[in-house]
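S.K.: The structure's right below; bear with me while I get my questions together.
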Amino acid sequence: MVKDIAVFEEPERLKPVMNKLGWRILQLLSKGEMYPMEVSKKLGIHEQKVYYHIRNLAKAGLVKVVREEEKKGAVAKFYKPTFPALGVELPFGYQKVKNFSVPSIDERIKQFLSPFLKENGTFEGKVVVGSPDPHGPFKARARDGHYASYLTLFLGQFVDLPEDFLIKLDVDVKAEKEENNNLISVGGPGTNLITQEANEFLPLRFNMMPSKHGFLLGGLVSEKTKNVYTADTAGVIARITNPWNEEKRIIILAGNKAVGTKACVLALTKFWKEVLKDFSDEEKFATAIQGFDLDGDGKVDSIEVLE
């Protein structure tokens, strides 16, 4: 929550509110616009005293007329405060701040991302995307890695830029043994080796069926409901303990196809209140979502939580 604060270099402008009655009138007007006679009745004070103090408040620019209304043959002027907060500025004490215009992070998304947000305001972990070269048992080329850019733009609201480059290819993470970190894996098991290896630990996992050609994906299967989600635009948003380091966490954003991964990224960055409504800080969390094209332009722009 934020509000504008009027800062005065001349303290004498605040003199009308230093008076006890002037302050009571200003507080009353902050609850709703009123005319002086109404203020007089509310406070049980003679109207001439009220007129005196309101004139002083108006002269200092602390209250203003917002409308006029005829009452008993006279024109009643309704007043309200000009500013929601007042202050006096002294010419010292400036400090450089970062992300000044960023609103406070909501507690639920903060809790979901908490393993990745350090107290000093930096990001602790890696964002893992699939390699664009043929790799893994599917010999797939990842086409969904660019969705991570939208995700990191979202994360940038809450954390400063880390010293180390935070986006890694799945093949590099495996080679460098960086599984012992907090990871956000973007992409399904067909294109992202980290998602593939974490898949067996997910409460909502991809059905990877062996075949003579390697593996086939048979959609998402819910451990809880036994439902199977096979739509290309379906995907899973999950947070689990890192299987290789129980002190760390892994977030999975993965779809049956690239468009499903896009829907997952969209779901977390724009619809997280709906997606995380049942989230609790347990070891395992997973929710199935499906993307939809509501405006008919051929692109996913909305989501539905399936479970």
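Residues are referred to by chain and number: the chain letter is A, B, ... according to the order shown in the structure tokens, the number counts from 1 in that chain, and ligands are numbered separately from 1 in the order shown.
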Can you tell me, as a CSV table (one decimal) with C-alpha atoms, in the first residue's frame, what residues are no more than 8 Å from region 179-190 of chain A when counting only C-alpha atoms, ignoring any on the same chain fewer than 6 positions away?
M.R.:
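What ended up in selection-v4.csv:
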```csv
chain,number,residue,atom,x,y,z
A,115,PRO,CA,13.8,-20.2,-1.3
A,116,PHE,CA,14.9,-18.0,-4.2
A,124,GLU,CA,19.5,-17.3,-5.1
A,125,GLY,CA,19.3,-20.0,-7.8
A,126,LYS,CA,19.3,-20.7,-11.5
A,127,VAL,CA,16.7,-20.6,-14.2
A,128,VAL,CA,17.1,-23.7,-16.4
A,129,VAL,CA,16.0,-23.9,-20.0
A,130,GLY,CA,16.4,-26.6,-22.6
A,136,GLY,CA,18.6,-36.1,-24.3
A,138,PHE,CA,14.3,-37.5,-27.3
A,140,ALA,CA,14.9,-32.7,-29.0
A,142,ALA,CA,14.0,-26.9,-27.1
A,144,ASP,CA,10.4,-22.9,-25.2
A,145,GLY,CA,13.5,-21.4,-23.6
A,147,TYR,CA,9.6,-18.0,-22.2
A,148,ALA,CA,12.1,-17.7,-19.4
A,173,VAL,CA,23.5,-27.6,-15.3
A,196,GLN,CA,13.0,-34.9,-17.0
A,197,GLU,CA,15.1,-36.0,-14.0
A,199,ASN,CA,9.7,-35.7,-13.1
A,206,PHE,CA,4.5,-36.6,-17.1
A,217,LEU,CA,5.0,-38.5,-23.7
A,242,ASN,CA,15.5,-30.6,-4.7
A,244,TRP,CA,19.8,-33.9,-5.0
A,245,ASN,CA,19.9,-31.4,-2.0
A,248,LYS,CA,17.1,-26.5,-1.8
A,249,ARG,CA,13.9,-26.3,-3.9
A,250,ILE,CA,13.0,-26.8,-7.5
A,251,ILE,CA,10.1,-25.0,-9.3
A,252,ILE,CA,8.9,-26.7,-12.5
A,253,LEU,CA,7.0,-24.8,-15.2
A,254,ALA,CA,6.4,-27.4,-17.9
A,255,GLY,CA,3.8,-28.2,-20.5
A,256,ASN,CA,2.9,-31.1,-22.7
A,257,LYS,CA,4.1,-29.0,-25.6
A,258,ALA,CA,5.9,-25.6,-25.9
A,261,THR,CA,5.0,-24.3,-21.1
```
S.K.: Identify, with DSSP run on backbone atoms, the residues in region 42-87 of chain A assigned to helix (DSSP H, G or I), and express the list as a list in words.
M.R.: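 These are the residues in question: Lys42, Leu43, Glu47, Gln48, Lys49, Val50, Tyr51, Tyr52, His53, Ile54, Arg55, Asn56, Leu57, Ala58 and Lys59 of chain A.
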S.K.: What is the CA of Thr269 (chain A) to CA of Lys174 (chain A) distance in Å?
M.R.: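 Computed distance, CA of Thr269 (chain A) to CA of Lys174 (chain A), equals 26.8 Å.
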S.K.: Which one of A:Ile109, A:Ile25, A:Val300, A:Ile54 sits closest to Asp278 (chain A) if you count only C-alpha atoms?
M.R.: A:Ile109
S.K.: Residues of region 145-307 of chain A in strand (DSSP E) according to DSSP, as a ChimeraX atom specification?
M.R.: /A:167-169,183-186,204-211,214-222,228-229,234-241,249-255,284-292,302-305
S.K.: Which is closer to Asn56 (chain A) than all the others in A:Met18, A:Lys42, A:His146, A:Leu90, using only C-alpha atoms?
M.R.: A:Met18
S.K.: Counting only C-alpha atoms, which residue out of A:Pro84, A:Ser131, A:Glu89, A:Phe123 sits closest to Gly156 (chain A)?
M.R.: A:Phe123
S.K.: When you look at Ala286 (chain A) with a cut-off of 7 Å (counting only C-alpha atoms), what residues show up, excluding the ones that are within fewer than 3 positions of it in the same chain? I need them as a list in words.
M.R.: Pro203, Leu204, Val236, Ile237, Ala238 and Arg239 of chain A
S.K.: Counting only C-alpha atoms, which of A:Gly22, A:Pro132, A:Pro11, A:Gly219 gets nearest to Lys49 (chain A)?
M.R.: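 Residue with the minimum atom-to-atom distance to Lys49 (chain A): A:Gly22.
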S.K.: Quick one: everything within 7 Å of Leu86 (chain A), counting only C-alpha atoms, minus sequence neighbours fewer than 6 positions away in the same chain. Send it as an mmCIF file with C-alpha atoms, in the first residue's frame.
M.R.:
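around-v2.cif, written as the output of this step:
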```
data_model
loop_
_atom_site.group_PDB
_atom_site.id
_atom_site.type_symbol
_atom_site.label_atom_id
_atom_site.label_comp_id
_atom_site.auth_asym_id
_atom_site.auth_seq_id
_atom_site.Cartn_x
_atom_site.Cartn_y
_atom_site.Cartn_z
ATOM 1 C CA ILE A 5 2.906 12.589 1.108
ATOM 2 C CA ALA A 6 2.943 16.384 0.890
ATOM 3 C CA VAL A 7 6.327 17.564 2.173
#
```
S.K.: Looking at A:Lys118, A:Arg67, A:Lys226, A:Lys299, which one is nearest to Lys262 (chain A), with distances taken over only C-alpha atoms?
M.R.: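 Residue with the minimum atom-to-atom distance to Lys262 (chain A): A:Lys299.
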S.K.: Quick one: residues within 9 Å of region 68-81 of chain A, only C-alpha atoms counted, chain neighbours fewer than 3 positions away excluded, as a ChimeraX atom specification?
M.R.: /A:26-37,54,57-58,61-65,84
